[in-house]
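> Got a file for you: upload-v1.txt, compact mmCIF, N, CA and C atoms.
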# COMPACT_ATOMS: atom_id res chain seq x y z
N MET A 1 71.44 126.93 93.91
CA MET A 1 72.09 127.57 95.04
C MET A 1 73.40 126.85 95.36
N SER A 2 74.44 127.60 95.55
CA SER A 2 75.72 127.04 95.96
C SER A 2 76.05 127.55 97.35
N TYR A 3 76.57 126.67 98.17
CA TYR A 3 76.94 127.07 99.52
C TYR A 3 78.17 127.95 99.50
N GLN A 4 78.26 128.85 100.47
CA GLN A 4 79.36 129.80 100.56
C GLN A 4 80.41 129.34 101.58
N LEU A 5 80.41 128.07 101.94
CA LEU A 5 81.34 127.55 102.94
C LEU A 5 82.79 127.75 102.56
N TYR A 6 83.10 127.63 101.29
CA TYR A 6 84.48 127.63 100.85
C TYR A 6 85.09 129.03 100.77
N ARG A 7 84.28 130.05 101.04
CA ARG A 7 84.82 131.40 101.15
C ARG A 7 85.68 131.54 102.41
N ASN A 8 85.51 130.63 103.37
CA ASN A 8 86.29 130.66 104.60
C ASN A 8 87.60 129.88 104.50
N THR A 9 87.93 129.39 103.31
CA THR A 9 89.21 128.71 103.10
C THR A 9 90.27 129.74 102.77
N THR A 10 91.52 129.31 102.74
CA THR A 10 92.61 130.22 102.37
C THR A 10 92.38 130.78 100.97
N LEU A 11 91.96 129.94 100.05
CA LEU A 11 91.70 130.39 98.68
C LEU A 11 90.57 131.41 98.65
N GLY A 12 89.50 131.15 99.38
CA GLY A 12 88.37 132.08 99.43
C GLY A 12 88.74 133.41 100.05
N HIS A 13 89.49 133.38 101.16
CA HIS A 13 89.93 134.63 101.80
C HIS A 13 90.82 135.44 100.87
N THR A 14 91.72 134.76 100.18
CA THR A 14 92.63 135.45 99.27
C THR A 14 91.86 136.09 98.12
N LEU A 15 90.88 135.38 97.59
CA LEU A 15 90.05 135.94 96.53
C LEU A 15 89.32 137.18 97.02
N GLN A 16 88.71 137.11 98.21
CA GLN A 16 87.98 138.25 98.75
C GLN A 16 88.89 139.45 98.99
N GLU A 17 90.09 139.20 99.51
CA GLU A 17 91.05 140.30 99.73
C GLU A 17 91.45 140.94 98.40
N SER A 18 91.68 140.12 97.39
CA SER A 18 92.05 140.66 96.07
C SER A 18 90.92 141.48 95.48
N LEU A 19 89.70 140.98 95.60
CA LEU A 19 88.55 141.72 95.08
C LEU A 19 88.36 143.03 95.83
N ASP A 20 88.53 143.03 97.15
CA ASP A 20 88.43 144.26 97.94
C ASP A 20 89.46 145.29 97.50
N GLU A 21 90.67 144.81 97.24
CA GLU A 21 91.74 145.71 96.78
C GLU A 21 91.40 146.31 95.42
N LEU A 22 90.88 145.49 94.52
CA LEU A 22 90.49 145.99 93.19
C LEU A 22 89.36 147.00 93.29
N ILE A 23 88.42 146.78 94.21
CA ILE A 23 87.32 147.74 94.41
C ILE A 23 87.88 149.06 94.94
N GLN A 24 88.77 148.99 95.93
CA GLN A 24 89.34 150.21 96.52
C GLN A 24 90.15 151.00 95.51
N MET A 25 90.79 150.31 94.57
CA MET A 25 91.58 150.99 93.53
C MET A 25 90.70 151.47 92.38
N GLY A 26 89.40 151.16 92.43
CA GLY A 26 88.47 151.60 91.40
C GLY A 26 88.55 150.83 90.11
N GLN A 27 89.17 149.65 90.14
CA GLN A 27 89.33 148.88 88.90
C GLN A 27 88.13 147.98 88.60
N ILE A 28 87.36 147.62 89.63
CA ILE A 28 86.13 146.86 89.41
C ILE A 28 85.04 147.42 90.33
N SER A 29 83.80 147.14 89.98
CA SER A 29 82.68 147.59 90.81
C SER A 29 82.35 146.54 91.87
N PRO A 30 81.70 146.94 92.95
CA PRO A 30 81.27 145.95 93.95
C PRO A 30 80.34 144.89 93.37
N GLN A 31 79.53 145.27 92.38
CA GLN A 31 78.62 144.31 91.75
C GLN A 31 79.40 143.23 91.01
N LEU A 32 80.48 143.62 90.34
CA LEU A 32 81.32 142.64 89.64
C LEU A 32 82.01 141.72 90.64
N ALA A 33 82.47 142.27 91.74
CA ALA A 33 83.12 141.46 92.78
C ALA A 33 82.13 140.42 93.32
N LEU A 34 80.88 140.82 93.52
CA LEU A 34 79.87 139.88 94.00
C LEU A 34 79.63 138.77 92.98
N LYS A 35 79.61 139.13 91.70
CA LYS A 35 79.44 138.12 90.65
C LYS A 35 80.60 137.13 90.65
N VAL A 36 81.81 137.64 90.86
CA VAL A 36 82.99 136.77 90.92
C VAL A 36 82.88 135.80 92.10
N LEU A 37 82.46 136.30 93.26
CA LEU A 37 82.31 135.43 94.44
C LEU A 37 81.23 134.37 94.23
N LEU A 38 80.13 134.76 93.60
CA LEU A 38 79.07 133.78 93.31
C LEU A 38 79.56 132.71 92.34
N GLN A 39 80.35 133.11 91.34
CA GLN A 39 80.92 132.14 90.40
C GLN A 39 81.91 131.22 91.11
N PHE A 40 82.70 131.78 92.04
CA PHE A 40 83.63 130.97 92.85
C PHE A 40 82.86 129.92 93.64
N ASP A 41 81.76 130.35 94.30
CA ASP A 41 80.95 129.40 95.07
C ASP A 41 80.45 128.26 94.19
N LYS A 42 79.94 128.60 93.03
CA LYS A 42 79.41 127.60 92.11
C LYS A 42 80.51 126.66 91.61
N ALA A 43 81.65 127.23 91.22
CA ALA A 43 82.75 126.44 90.65
C ALA A 43 83.38 125.51 91.68
N ILE A 44 83.62 125.99 92.88
CA ILE A 44 84.27 125.15 93.89
C ILE A 44 83.35 124.01 94.32
N ASN A 45 82.06 124.29 94.47
CA ASN A 45 81.11 123.23 94.82
C ASN A 45 81.03 122.19 93.72
N GLN A 46 81.00 122.63 92.47
CA GLN A 46 80.92 121.71 91.34
C GLN A 46 82.20 120.89 91.22
N ALA A 47 83.36 121.52 91.37
CA ALA A 47 84.63 120.80 91.25
C ALA A 47 84.77 119.74 92.34
N LEU A 48 84.42 120.08 93.56
CA LEU A 48 84.52 119.11 94.64
C LEU A 48 83.55 117.95 94.45
N ALA A 49 82.37 118.23 93.93
CA ALA A 49 81.39 117.18 93.71
C ALA A 49 81.80 116.23 92.59
N GLN A 50 82.47 116.75 91.56
CA GLN A 50 82.76 115.94 90.38
C GLN A 50 84.18 115.36 90.35
N ARG A 51 85.14 116.03 90.95
CA ARG A 51 86.54 115.63 90.77
C ARG A 51 87.15 114.88 91.94
N VAL A 52 86.61 115.04 93.12
CA VAL A 52 87.21 114.39 94.28
C VAL A 52 86.69 112.95 94.36
N LYS A 53 87.60 112.00 94.30
CA LYS A 53 87.22 110.58 94.31
C LYS A 53 87.74 109.85 95.54
N ALA A 54 88.63 110.44 96.30
CA ALA A 54 89.21 109.78 97.47
C ALA A 54 88.15 109.61 98.55
N LYS A 55 88.26 108.52 99.28
CA LYS A 55 87.36 108.26 100.39
C LYS A 55 88.17 108.20 101.68
N VAL A 56 87.66 108.88 102.68
CA VAL A 56 88.33 108.95 103.97
C VAL A 56 87.34 108.55 105.04
N SER A 57 87.78 107.73 105.98
CA SER A 57 86.95 107.43 107.14
C SER A 57 87.63 108.05 108.37
N PHE A 58 86.84 108.33 109.36
CA PHE A 58 87.39 108.94 110.57
C PHE A 58 86.66 108.42 111.79
N LYS A 59 87.34 108.52 112.91
CA LYS A 59 86.80 108.04 114.18
C LYS A 59 87.29 108.99 115.27
N GLY A 60 86.37 109.42 116.13
CA GLY A 60 86.75 110.32 117.20
C GLY A 60 85.66 110.38 118.26
N LYS A 61 85.86 111.25 119.22
CA LYS A 61 84.90 111.43 120.30
C LYS A 61 84.05 112.65 120.01
N LEU A 62 82.73 112.45 119.95
CA LEU A 62 81.81 113.55 119.65
C LEU A 62 81.73 114.49 120.84
N ASN A 63 82.06 115.75 120.60
CA ASN A 63 82.01 116.77 121.64
C ASN A 63 80.64 117.44 121.63
N THR A 64 80.26 118.05 120.50
CA THR A 64 78.95 118.69 120.36
C THR A 64 78.43 118.48 118.95
N TYR A 65 77.12 118.62 118.81
CA TYR A 65 76.50 118.59 117.48
C TYR A 65 75.32 119.54 117.48
N ARG A 66 74.96 120.01 116.25
CA ARG A 66 73.86 120.95 116.13
C ARG A 66 73.27 120.79 114.73
N PHE A 67 71.94 120.95 114.63
CA PHE A 67 71.25 120.93 113.35
C PHE A 67 70.39 122.19 113.27
N CYS A 68 70.72 123.06 112.33
CA CYS A 68 70.00 124.33 112.20
C CYS A 68 69.95 124.71 110.73
N ASP A 69 68.78 125.06 110.23
CA ASP A 69 68.60 125.48 108.84
C ASP A 69 69.15 124.47 107.85
N ASN A 70 68.87 123.19 108.07
CA ASN A 70 69.31 122.09 107.21
C ASN A 70 70.83 121.96 107.14
N VAL A 71 71.54 122.40 108.16
CA VAL A 71 72.99 122.29 108.22
C VAL A 71 73.37 121.60 109.52
N TRP A 72 74.10 120.49 109.41
CA TRP A 72 74.63 119.79 110.58
C TRP A 72 76.02 120.33 110.89
N THR A 73 76.31 120.54 112.16
CA THR A 73 77.64 120.92 112.61
C THR A 73 78.05 119.96 113.71
N PHE A 74 79.20 119.33 113.54
CA PHE A 74 79.75 118.39 114.51
C PHE A 74 81.12 118.88 114.96
N VAL A 75 81.40 118.77 116.24
CA VAL A 75 82.73 119.04 116.76
C VAL A 75 83.21 117.75 117.41
N LEU A 76 84.36 117.24 116.94
CA LEU A 76 84.91 115.98 117.44
C LEU A 76 86.29 116.23 118.04
N ASN A 77 86.64 115.44 119.05
CA ASN A 77 87.96 115.48 119.67
C ASN A 77 88.70 114.18 119.39
N ASP A 78 90.03 114.25 119.39
CA ASP A 78 90.89 113.08 119.22
C ASP A 78 90.47 112.24 118.01
N VAL A 79 90.56 112.83 116.84
CA VAL A 79 90.07 112.22 115.61
C VAL A 79 91.21 111.56 114.84
N ASP A 80 90.97 110.34 114.37
CA ASP A 80 91.89 109.60 113.50
C ASP A 80 91.25 109.49 112.12
N PHE A 81 92.00 109.90 111.08
CA PHE A 81 91.54 109.81 109.70
C PHE A 81 92.29 108.68 109.00
N ARG A 82 91.57 107.91 108.16
CA ARG A 82 92.17 106.85 107.36
C ARG A 82 91.72 107.01 105.91
N GLU A 83 92.70 106.97 105.01
CA GLU A 83 92.38 106.99 103.59
C GLU A 83 92.17 105.56 103.14
N ALA A 84 91.12 105.30 102.37
CA ALA A 84 90.65 103.96 102.06
C ALA A 84 91.71 102.99 101.53
N PRO A 85 92.30 103.21 100.37
CA PRO A 85 93.18 102.13 99.88
C PRO A 85 94.53 102.06 100.60
N VAL A 86 95.03 103.19 101.08
CA VAL A 86 96.38 103.23 101.62
C VAL A 86 96.42 102.92 103.11
N GLN A 87 95.38 103.22 103.82
CA GLN A 87 95.28 103.04 105.27
C GLN A 87 96.25 103.93 106.05
N ASP A 88 96.65 105.07 105.47
CA ASP A 88 97.45 106.04 106.21
C ASP A 88 96.59 106.64 107.31
N ILE A 89 97.21 106.92 108.43
CA ILE A 89 96.48 107.48 109.57
C ILE A 89 97.01 108.87 109.86
N ALA A 90 96.09 109.79 110.07
CA ALA A 90 96.44 111.13 110.53
C ALA A 90 95.59 111.39 111.77
N SER A 91 96.20 111.88 112.82
CA SER A 91 95.48 112.17 114.06
C SER A 91 95.42 113.68 114.27
N VAL A 92 94.26 114.14 114.72
CA VAL A 92 94.02 115.56 114.96
C VAL A 92 93.32 115.70 116.31
N GLY A 93 93.66 116.74 117.04
CA GLY A 93 93.07 116.96 118.36
C GLY A 93 91.62 117.39 118.33
N LYS A 94 91.25 118.26 117.38
CA LYS A 94 89.87 118.77 117.32
C LYS A 94 89.49 119.02 115.87
N VAL A 95 88.27 118.61 115.49
CA VAL A 95 87.78 118.79 114.12
C VAL A 95 86.36 119.32 114.18
N LYS A 96 86.08 120.28 113.30
CA LYS A 96 84.72 120.79 113.14
C LYS A 96 84.25 120.40 111.74
N ILE A 97 83.12 119.72 111.67
CA ILE A 97 82.56 119.28 110.39
C ILE A 97 81.23 120.00 110.18
N VAL A 98 81.09 120.64 109.02
CA VAL A 98 79.85 121.29 108.65
C VAL A 98 79.31 120.55 107.43
N ALA A 99 78.11 119.98 107.55
CA ALA A 99 77.54 119.16 106.49
C ALA A 99 76.22 119.77 106.03
N CYS A 100 76.13 120.00 104.71
CA CYS A 100 74.93 120.59 104.12
C CYS A 100 74.30 119.59 103.16
N ASP A 101 73.03 119.73 102.90
CA ASP A 101 72.30 118.85 102.00
C ASP A 101 72.77 119.08 100.58
N GLY A 102 73.37 118.08 99.96
CA GLY A 102 73.87 118.19 98.59
C GLY A 102 72.76 118.27 97.57
N GLU A 103 71.57 117.81 97.88
CA GLU A 103 70.46 117.81 96.94
C GLU A 103 69.94 119.22 96.69
N SER A 104 70.11 120.12 97.63
CA SER A 104 69.58 121.47 97.48
C SER A 104 70.54 122.38 96.71
N MET A 105 71.68 121.85 96.28
CA MET A 105 72.66 122.67 95.55
C MET A 105 72.20 122.76 94.15
Just give me the structure of the file as structure tokens.


Amino acid sequence: MSYQLYRNTTLGHTLQESLDELIQMGQISPQLALKVLLQFDKAINQALAQRVKAKVSFKGKLNTYRFCDNVWTFVLNDVDFREAPVQDIASVGKVKIVACDGESM
């Protein structure tokens, strides 16, 4: 099973819009579009798990948290991010973190 979280990214939205357009023009079937989305879910999860090596730490004020269906959701305010070797700092007013169990993928 691959999580569908990355469909809500710019890349995921663009893919879905392109597939919808191809369906409306009759160039692909809805079943093929679904297969493409499932392959996207699998590929993006695999690529992020295997290729991303950077480590980032962050610190902020916890606003809310929730645990439902094995998914943690955290909302933080006034968050500072630091990249490990460089120690660059980026500050953000509000961050939402959605964390899923990697073992069930």

> Apply DSSP to the structure's backbone, then extract all residues of chain A labelled strand (DSSP E) and return them as a ChimeraX atom specification.

/A:56-68,71-83,89-100

> As JSON, please: the centre and edge lengths in Å, to one decimal, of an axis-aligned box enclosing every listed atom of range 40-43 of chain A with 6 Å added on each side.


{"center_x": 81.5, "center_y": 128.6, "center_z": 92.9, "size_x": 16.2, "size_y": 18.3, "size_z": 16.4}

> As a PyMOL selection string, please: the residues near Asn63 in chain A (cut-off 9 Å, only C-alpha atoms, same-chain neighbours under 3 positions excluded).

chain A and resi 74-77

> Rounded to one decimal place, report the CA of Gln24 in chain A-CA of Leu37 in chain A distance in Å.

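That distance, rounded to one decimal, is 16.5 Å.
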
> What is the atom C of Tyr65 in chain A-atom N of Lys94 in chain A distance in Å, reported with one decimal?

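The value is 16.0 Å.
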
> Take CA of Val86 in chain A and atom N of Lys59 in chain A and report the distance between them in Å, one decimal.

15.4 Å

> Counting all atoms listed in the file, select every polymer residue within 7 Å of (81.0, 122.7, 107.1) as defined in the file's coordinates, and provide the selection as a ChimeraX atom specification.

/A:5,72-73,96-100

> Have a look at A:Ile89, A:Asp80, A:Phe40, A:Leu48 and name the one nearest to Thr14 in chain A; count only C-alpha atoms.

A:Phe40

> Give the answer as one residue: which of A:Ile44, A:Val79, A:Asp88, A:Gly26 has the shortest atom-to-atom distance to Phe58 in chain A, using only N, CA and C atoms?

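Using only N, CA and C atoms, the shortest distance to Phe58 in chain A belongs to A:Val79.
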
> Using only C-alpha atoms, which of the listed residues (A:Tyr6, A:Glu17, A:Pro85, A:Leu34) sits closest to Gln46 in chain A?

A:Tyr6

> Have a look at A:Thr10, A:Gln4, A:Ser18, A:Gln87 and name the one nearest to Ala54 in chain A; count only C-alpha atoms.

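Among the listed residues, A:Gln87 lies closest to Ala54 in chain A.
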
> Could you find all residues in chain A that DSSP calls helix (DSSP H, G or I) from the backbone, and write them as a PyMOL selection string?

chain A and resi 5-8+10-24+30-51+102-104

> Can you pull out every residue within 12 Å of Lys35 in chain A, counting only C-alpha atoms, but drop anything in the same chain fewer than 6 positions away, and send it as a list in words?

Gln16, Leu19, Ile28, Ser29, Asp41 and Lys42 of chain A

> Of the candidates A:Glu83, A:Cys68, A:Leu38, A:Leu11, which one gets nearest to Val56 in chain A if we count all atoms listed in the file?

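Closest candidate: A:Glu83.
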
> Start from the incomplete input, build N, CA, C and O atoms for range 29-47 of chain A, and deliver everything as an mmCIF file, in the coordinates of the input.


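What follows is the written file out.cif:
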data_model
loop_
_atom_site.group_PDB
_atom_site.id
_atom_site.type_symbol
_atom_site.label_atom_id
_atom_site.label_comp_id
_atom_site.auth_asym_id
_atom_site.auth_seq_id
_atom_site.Cartn_x
_atom_site.Cartn_y
_atom_site.Cartn_z
ATOM 1 N N SER A 29 83.800 147.140 89.980
ATOM 2 C CA SER A 29 82.680 147.590 90.810
ATOM 3 C C SER A 29 82.350 146.540 91.870
ATOM 4 O O SER A 29 82.674 145.352 91.694
ATOM 5 N N PRO A 30 81.700 146.940 92.950
ATOM 6 C CA PRO A 30 81.270 145.950 93.950
ATOM 7 C C PRO A 30 80.340 144.890 93.370
ATOM 8 O O PRO A 30 80.354 143.737 93.796
ATOM 9 N N GLN A 31 79.530 145.270 92.380
ATOM 10 C CA GLN A 31 78.620 144.310 91.750
ATOM 11 C C GLN A 31 79.400 143.230 91.010
ATOM 12 O O GLN A 31 79.041 142.050 91.048
ATOM 13 N N LEU A 32 80.480 143.620 90.340
ATOM 14 C CA LEU A 32 81.320 142.640 89.640
ATOM 15 C C LEU A 32 82.010 141.720 90.640
ATOM 16 O O LEU A 32 82.097 140.511 90.415
ATOM 17 N N ALA A 33 82.470 142.270 91.740
ATOM 18 C CA ALA A 33 83.120 141.460 92.780
ATOM 19 C C ALA A 33 82.130 140.420 93.320
ATOM 20 O O ALA A 33 82.510 139.259 93.538
ATOM 21 N N LEU A 34 80.880 140.820 93.520
ATOM 22 C CA LEU A 34 79.870 139.880 94.000
ATOM 23 C C LEU A 34 79.630 138.770 92.980
ATOM 24 O O LEU A 34 79.513 137.600 93.341
ATOM 25 N N LYS A 35 79.610 139.130 91.700
ATOM 26 C CA LYS A 35 79.440 138.120 90.650
ATOM 27 C C LYS A 35 80.600 137.130 90.650
ATOM 28 O O LYS A 35 80.408 135.932 90.451
ATOM 29 N N VAL A 36 81.810 137.640 90.860
ATOM 30 C CA VAL A 36 82.990 136.770 90.920
ATOM 31 C C VAL A 36 82.880 135.800 92.100
ATOM 32 O O VAL A 36 83.147 134.603 91.966
ATOM 33 N N LEU A 37 82.460 136.300 93.260
ATOM 34 C CA LEU A 37 82.310 135.430 94.440
ATOM 35 C C LEU A 37 81.230 134.370 94.230
ATOM 36 O O LEU A 37 81.396 133.220 94.624
ATOM 37 N N LEU A 38 80.130 134.760 93.600
ATOM 38 C CA LEU A 38 79.070 133.780 93.310
ATOM 39 C C LEU A 38 79.560 132.710 92.340
ATOM 40 O O LEU A 38 79.237 131.526 92.491
ATOM 41 N N GLN A 39 80.350 133.110 91.340
ATOM 42 C CA GLN A 39 80.920 132.140 90.400
ATOM 43 C C GLN A 39 81.910 131.220 91.110
ATOM 44 O O GLN A 39 81.968 130.023 90.838
ATOM 45 N N PHE A 40 82.700 131.780 92.040
ATOM 46 C CA PHE A 40 83.630 130.970 92.850
ATOM 47 C C PHE A 40 82.860 129.920 93.640
ATOM 48 O O PHE A 40 83.238 128.750 93.652
ATOM 49 N N ASP A 41 81.760 130.350 94.300
ATOM 50 C CA ASP A 41 80.950 129.400 95.070
ATOM 51 C C ASP A 41 80.450 128.260 94.190
ATOM 52 O O ASP A 41 80.560 127.083 94.554
ATOM 53 N N LYS A 42 79.940 128.600 93.030
ATOM 54 C CA LYS A 42 79.410 127.600 92.110
ATOM 55 C C LYS A 42 80.510 126.660 91.610
ATOM 56 O O LYS A 42 80.357 125.440 91.611
ATOM 57 N N ALA A 43 81.650 127.230 91.220
ATOM 58 C CA ALA A 43 82.750 126.440 90.650
ATOM 59 C C ALA A 43 83.380 125.510 91.680
ATOM 60 O O ALA A 43 83.660 124.345 91.375
ATOM 61 N N ILE A 44 83.620 125.990 92.880
ATOM 62 C CA ILE A 44 84.270 125.150 93.890
ATOM 63 C C ILE A 44 83.350 124.010 94.320
ATOM 64 O O ILE A 44 83.792 122.878 94.502
ATOM 65 N N ASN A 45 82.060 124.290 94.470
ATOM 66 C CA ASN A 45 81.110 123.230 94.820
ATOM 67 C C ASN A 45 81.030 122.190 93.720
ATOM 68 O O ASN A 45 81.026 120.984 93.981
ATOM 69 N N GLN A 46 81.000 122.630 92.470
ATOM 70 C CA GLN A 46 80.920 121.710 91.340
ATOM 71 C C GLN A 46 82.200 120.890 91.220
ATOM 72 O O GLN A 46 82.159 119.672 91.010
ATOM 73 N N ALA A 47 83.360 121.520 91.370
ATOM 74 C CA ALA A 47 84.630 120.800 91.250
ATOM 75 C C ALA A 47 84.770 119.740 92.340
ATOM 76 O O ALA A 47 85.202 118.618 92.067
#
